[in-house]
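What's in final.csv: CSV, C-alpha atoms and all ligand atoms
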```csv
chain,number,residue,atom,x,y,z
A,59,MET,CA,-0.7,15.3,-14.1
A,60,ALA,CA,1.8,13.2,-12.2
A,61,LYS,CA,2.7,9.9,-13.8
A,62,LYS,CA,1.3,6.8,-12.1
A,63,PHE,CA,3.5,3.8,-11.8
A,64,LYS,CA,2.4,0.2,-11.5
A,65,ARG,CA,6.0,-0.9,-11.0
A,66,VAL,CA,8.2,2.1,-10.0
A,67,PRO,CA,11.4,2.0,-12.1
A,68,PRO,CA,14.7,1.4,-10.2
A,69,ASP,CA,16.1,4.8,-11.1
A,70,ILE,CA,13.2,6.7,-9.4
A,71,PRO,CA,13.9,6.9,-5.6
A,72,VAL,CA,11.1,6.3,-3.2
A,73,SER,CA,11.7,9.8,-1.8
A,74,ASP,CA,10.7,11.3,-5.1
A,75,LEU,CA,7.3,9.6,-5.0
A,76,SER,CA,4.1,11.2,-3.9
A,77,PRO,CA,0.6,9.7,-3.5
A,78,LEU,CA,-0.2,11.0,-7.0
A,79,ASN,CA,2.5,8.6,-8.5
A,80,ILE,CA,1.0,5.5,-7.1
A,81,SER,CA,-2.1,3.4,-6.5
A,82,CYS,CA,-3.0,0.5,-4.2
A,83,GLY,CA,-1.4,-1.9,-6.6
A,84,SER,CA,1.9,-0.1,-7.1
A,85,THR,CA,5.2,-1.9,-6.2
A,86,LYS,CA,8.9,-1.2,-5.8
A,87,CYS,CA,10.0,-4.6,-4.8
A,88,ASP,CA,13.8,-3.9,-5.3
A,89,ASP,CA,13.4,-1.4,-2.4
A,90,GLY,CA,11.4,-3.8,-0.2
A,91,LEU,CA,8.1,-2.1,-0.9
A,92,HIS,CA,5.5,-4.5,-2.1
A,93,CYS,CA,1.8,-5.0,-2.6
A,94,PHE,CA,0.0,-7.8,-0.8
A,95,LYS,CA,-3.3,-7.6,-2.6
A,96,THR,CA,-3.1,-11.1,-4.2
A,97,SER,CA,-5.7,-12.0,-6.8
A,98,GLU,CA,-6.6,-15.6,-7.5
A,99,ARG,CA,-4.3,-15.4,-10.5
A,100,THR,CA,-1.2,-14.3,-8.5
A,101,ALA,CA,-2.1,-16.6,-5.6
A,102,LYS,CA,-2.0,-19.5,-8.1
A,103,LYS,CA,1.3,-18.2,-9.6
A,104,PHE,CA,3.0,-18.1,-6.2
A,105,GLY,CA,1.0,-20.9,-4.6
A,106,SER,CA,-0.2,-18.7,-1.7
A,107,HIS,CA,-2.4,-15.8,-0.8
A,108,GLY,CA,-1.0,-12.9,1.2
A,109,VAL,CA,2.3,-12.7,-0.7
A,110,CYS,CA,3.5,-9.8,-2.8
A,111,LYS,CA,1.6,-9.9,-6.0
A,112,GLU,CA,4.7,-8.9,-8.0
A,113,CYS,CA,7.6,-10.8,-6.5
A,114,GLY,CA,5.9,-13.4,-4.3
A,115,THR,CA,7.7,-12.5,-1.1
A,116,SER,CA,6.0,-13.4,2.1
A,117,LEU,CA,6.6,-10.9,4.9
A,118,ILE,CA,3.3,-10.6,6.8
A,119,ASP,CA,2.1,-12.5,9.8
A,120,TRP,CA,-1.5,-12.4,8.7
A,121,LYS,CA,-2.8,-14.4,11.6
A,122,ARG,CA,-1.5,-11.8,14.0
A,123,VAL,CA,-2.6,-8.8,11.8
A,124,HIS,CA,-6.1,-10.3,11.3
A,125,LEU,CA,-6.8,-10.4,15.0
A,126,ASN,CA,-7.6,-6.7,14.5
A,127,ASP,CA,-6.4,-6.0,18.0
A,128,ILE,CA,-6.0,-2.2,18.4
A,129,ASN,CA,-3.5,-2.8,21.2
A,130,ASP,CA,-1.3,-4.4,18.5
A,131,ALA,CA,-1.6,-1.4,16.2
A,132,LYS,CA,2.1,-0.8,16.2
A,133,PHE,CA,2.7,-4.3,14.8
A,134,ILE,CA,-0.1,-3.8,12.3
A,135,PHE,CA,1.4,-0.5,11.1
A,136,GLU,CA,4.9,-1.9,10.9
A,137,SER,CA,3.5,-4.7,8.7
A,138,MET,CA,1.7,-2.3,6.5
A,139,LYS,CA,4.7,-0.2,5.9
A,140,ASN,CA,6.1,-3.1,3.8
A,141,GLU,CA,3.6,-2.0,1.1
A,142,LEU,CA,4.6,0.8,-1.2
A,143,ILE,CA,1.3,2.7,-0.9
A,144,ARG,CA,1.2,2.6,3.0
A,145,HIS,CA,4.9,3.5,3.2
A,146,ILE,CA,4.3,6.6,1.0
A,147,TYR,CA,1.3,7.7,3.2
A,148,TRP,CA,3.3,7.2,6.4
A,149,HIS,CA,6.4,9.0,5.3
A,150,THR,CA,5.8,11.6,2.6
A,151,PRO,CA,4.6,15.1,3.5
A,152,ILE,CA,0.9,15.8,3.9
A,153,GLU,CA,-0.6,18.9,2.2
A,154,GLN,CA,-0.5,21.8,4.5
A,155,ASP,CA,-4.2,22.5,4.1
A,156,ALA,CA,-5.1,19.1,5.5
A,157,ILE,CA,-2.9,19.7,8.5
A,158,THR,CA,-4.3,23.2,9.1
A,159,ASN,CA,-7.9,21.9,8.8
A,160,ALA,CA,-7.2,19.1,11.2
A,161,LEU,CA,-5.8,21.5,13.8
A,162,LYS,CA,-9.1,23.5,13.8
A,163,SER,CA,-10.8,20.5,15.5
A,164,THR,CA,-10.3,19.0,18.9
A,165,ARG,CA,-9.4,15.3,19.2
A,166,ASN,CA,-12.9,14.3,19.9
A,167,GLU,CA,-14.3,16.3,17.0
A,168,LEU,CA,-11.8,14.8,14.7
A,169,ARG,CA,-12.7,11.3,15.9
A,170,THR,CA,-16.4,11.9,15.2
A,171,HIS,CA,-15.5,13.4,11.9
A,172,ALA,CA,-13.3,10.4,11.0
A,173,LYS,CA,-15.9,7.9,11.9
A,174,ARG,CA,-18.5,9.6,9.8
A,175,ILE,CA,-16.2,9.7,6.8
A,176,LEU,CA,-15.2,6.0,7.2
A,177,LYS,CA,-18.8,5.0,7.5
A,178,SER,CA,-19.7,6.8,4.3
A,179,LYS,CA,-16.7,5.6,2.3
A,180,ILE,CA,-16.4,2.0,3.5
A,181,GLY,CA,-19.4,1.3,5.8
A,182,SER,CA,-21.6,-0.2,3.2
A,183,SER,CA,-20.8,-3.4,1.3
A,184,LYS,CA,-22.3,-1.8,-1.8
A,185,ASN,CA,-20.1,0.8,-3.5
A,186,ALA,CA,-19.9,0.8,-7.2
A,187,TRP,CA,-16.9,3.1,-6.9
A,188,ASP,CA,-15.0,0.8,-4.6
A,189,GLY,CA,-11.2,1.5,-4.9
A,190,ARG,CA,-11.8,5.0,-6.1
A,191,GLN,CA,-14.0,6.5,-3.4
A,192,THR,CA,-11.2,7.9,-1.3
A,193,PRO,CA,-9.2,10.8,-2.8
A,194,MET,CA,-5.4,10.3,-2.8
A,195,THR,CA,-4.6,13.9,-1.8
A,196,GLY,CA,-6.4,17.1,-0.8
A,197,ASN,CA,-7.3,18.9,2.4
A,198,GLU,CA,-9.0,16.1,4.3
A,199,ILE,CA,-6.6,14.4,6.7
A,200,VAL,CA,-8.9,11.4,7.1
A,201,HIS,CA,-8.3,10.4,3.5
A,202,TYR,CA,-4.6,10.2,4.1
A,203,ALA,CA,-5.2,8.2,7.2
A,204,GLN,CA,-7.4,5.8,5.3
A,205,HIS,CA,-4.8,5.1,2.7
A,206,ALA,CA,-2.1,4.7,5.4
A,207,THR,CA,-4.2,2.3,7.4
A,208,ALA,CA,-5.8,0.3,4.6
A,209,THR,CA,-9.3,1.6,5.4
A,210,CYS,CA,-9.6,3.3,2.0
A,211,CYS,CA,-11.7,0.8,0.2
A,212,ARG,CA,-13.3,-2.6,0.8
A,213,LYS,CA,-10.6,-4.4,-1.1
A,214,CYS,CA,-7.8,-3.1,1.2
A,215,LEU,CA,-10.1,-3.7,4.2
A,216,GLU,CA,-10.6,-7.3,3.1
A,217,TYR,CA,-7.0,-8.3,2.7
A,218,TRP,CA,-5.5,-6.3,5.6
A,219,HIS,CA,-8.3,-6.5,8.1
A,220,ASN,CA,-10.1,-9.7,7.0
A,221,ILE,CA,-13.4,-7.9,6.7
A,222,LYS,CA,-15.4,-9.5,4.0
A,223,LYS,CA,-16.5,-7.3,1.1
A,224,ASP,CA,-20.1,-8.4,1.1
A,225,GLU,CA,-20.9,-7.4,4.7
A,226,ASP,CA,-21.7,-3.9,6.0
A,227,LEU,CA,-19.4,-2.9,8.7
A,228,THR,CA,-20.5,-3.5,12.3
A,229,ASP,CA,-20.1,-0.7,14.8
A,230,GLU,CA,-17.2,-2.6,16.3
A,231,GLN,CA,-15.4,-2.8,13.0
A,232,LEU,CA,-16.1,0.9,12.3
A,233,GLU,CA,-14.6,1.7,15.7
A,234,PHE,CA,-11.5,-0.3,15.0
A,235,CYS,CA,-11.0,1.5,11.7
A,236,THR,CA,-11.6,4.9,13.4
A,237,GLU,CA,-9.0,4.0,16.0
A,238,LEU,CA,-6.5,3.1,13.3
A,239,ALA,CA,-7.1,6.4,11.5
A,240,MET,CA,-6.8,8.4,14.7
A,241,LEU,CA,-3.5,6.8,15.6
A,242,TYR,CA,-2.2,7.8,12.1
A,243,ILE,CA,-3.6,11.4,12.5
A,244,GLU,CA,-2.1,11.8,15.9
A,245,GLU,CA,1.3,10.7,14.7
A,246,ARG,CA,1.3,12.8,11.6
A,247,VAL,CA,-0.4,15.9,13.1
A,248,PRO,CA,1.0,16.3,16.6
A,249,ASN,CA,-0.4,19.1,18.8
A,250,ILE,CA,-4.1,18.3,18.2
A,251,ASP,CA,-5.9,19.8,21.1
A,252,ASP,CA,-8.0,18.0,23.6
A,253,LYS,CA,-10.1,21.1,24.0
A,254,ARG,CA,-10.7,24.2,22.1
A,255,SER,CA,-8.2,26.9,22.8
A,256,GLU,CA,-10.8,29.3,24.0
A,257,GLU,CA,-11.9,26.7,26.4
A,258,ASN,CA,-8.4,26.2,27.5
A,259,GLY,CA,-8.1,29.9,28.1
A,260,LYS,CA,-11.1,29.9,30.5
A,261,SER,CA,-10.4,29.2,34.1
A,301,ZN,ZN,7.3,-7.4,-4.1
A,302,ZN,ZN,-7.8,0.7,-0.9
```

Using the file provided, produce a representation of the structure as structure tokens.
Amino acid sequence: MAKKFKRVPPDIPVSDLSPLNISCGSTKCDDGLHCFKTSERTAKKFGSHGVCKECGTSLIDWKRVHLNDINDAKFIFESMKNELIRHIYWHTPIEQDAITNALKSTRNELRTHAKRILKSKIGSSKNAWDGRQTPMTGNEIVHYAQHATATCCRKCLEYWHNIKKDEDLTDEQLEFCTELAMLYIEERVPNIDDKRSEENGKS
């Protein structure tokens, strides 16, 4: 099994890391890749929430990110890429099976599929497995999208999207998460069809 790092040692380049080497809390601060999941303890230590839990750096415009404006997704994603875990999911290769499977569906089918998965993984406030419910790798593209967009668990959802852990998601919140996931999928898996190819072939 791949070694999981809490703090990635300086001699291991980011390019050598895969999702199996990291978890939500991993950091590589010397390369500018942090983790903004501040606990009460770290918030006390650094005198503020929303800073890197390891080095205390403050990089995120939380007010703007927490508007949850899908039209500002580019800014949200750029902000997220300051975290090691999101960076890895945006930049390292995705398993071929996940891409092949995604390409079997049309965009609309994928969207419906993504929304269903999001609902089952993070829709409810009650999940005893929170933080572990979304596989890190495998053949499901939506799982990659979830880690990349901080819609993987209720903890990530809370600090990135300001959605409180003790509330079930509203349909509007679920739609927002689905849009984020789809933007990721469309960037990482280009050439998703609008229609089935057999339909395209018909006149
Ligand atoms: Zn840091
Ligand atoms: Zn998470």

- Residues within 7 Å of ligand ZN 302 (chain A), counting only C-alpha atoms and all ligand atoms: report them as a ChimeraX atom specification. /A:82,189,205,208-214

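The coordinates place CA of Ile143 (chain A) at 9.7 Å from CA of Asn79 (chain A).
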
- Message: Would you compute the distance between CA of Ile118 (chain A) and CA of Lys132 (chain A)? Give it in Å to one decimal.
- Response: 13.6 Å

- Closest to ligand ZN 301 (chain A) among A:Ala239, A:Leu168, A:Cys87, A:Leu161, using all atoms listed in the file? A:Cys87

- Item | From A:Pro151, A:Gly83, A:Gly181, A:Gly196, residue lying nearest ligand ZN 301 (chain A) [all atoms listed in the file] |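 Checking each candidate against ligand ZN 301 (chain A), we get A:Gly83 as the closest.
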
- Message: Taking all atoms listed in the file and a cut-off of 6 Å, can you tell me which residues surround ligand ZN 301 (chain A), written as a PyMOL selection string?
- Response: chain A and resi 87+92+110+112-113+115

- Task: Have a look at A:Leu142, A:Leu238, A:Ala101, A:Ile70 and name the one nearest to Lys86 (chain A); count only C-alpha atoms.
- Result: A:Leu142

- Task: Quick one: everything within 10 Å of Gln191 (chain A), counting only C-alpha atoms, minus sequence neighbours fewer than 5 positions away in the same chain. Send it as a list in words.
- Result: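 Everything that qualifies: Ser178, Lys179, Ile180, Asn185, Ala186, His201, Cys210 and Cys211 of chain A.
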
- Item | Distance in Å - CA of Trp148 (chain A) versus CA of Val200 (chain A) | 12.9 Å

- Out of A:Phe104, A:Phe133, A:Tyr242, A:Trp120, which residue has the shortest atom-to-atom distance to Ile199 (chain A) when counting all atoms listed in the file?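 Checking each of A:Phe104, A:Phe133, A:Tyr242, A:Trp120 against Ile199 (chain A), counting all atoms listed in the file, the winner is A:Tyr242.
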
- Query: Pick the closest to His219 (chain A) from A:Ser182, A:Asn166, A:Thr207, A:Thr100: which is it, counting only C-alpha atoms?
  - Reply: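 Selected residue with least distance to His219 (chain A): A:Thr207.
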
- Item | Nearest candidate to Ser97 (chain A) (options A:Tyr217, A:Lys62, A:Asp74, A:Thr85; using all atoms listed in the file) |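 The shortest atom-to-atom distance to Ser97 (chain A) comes from A:Tyr217.
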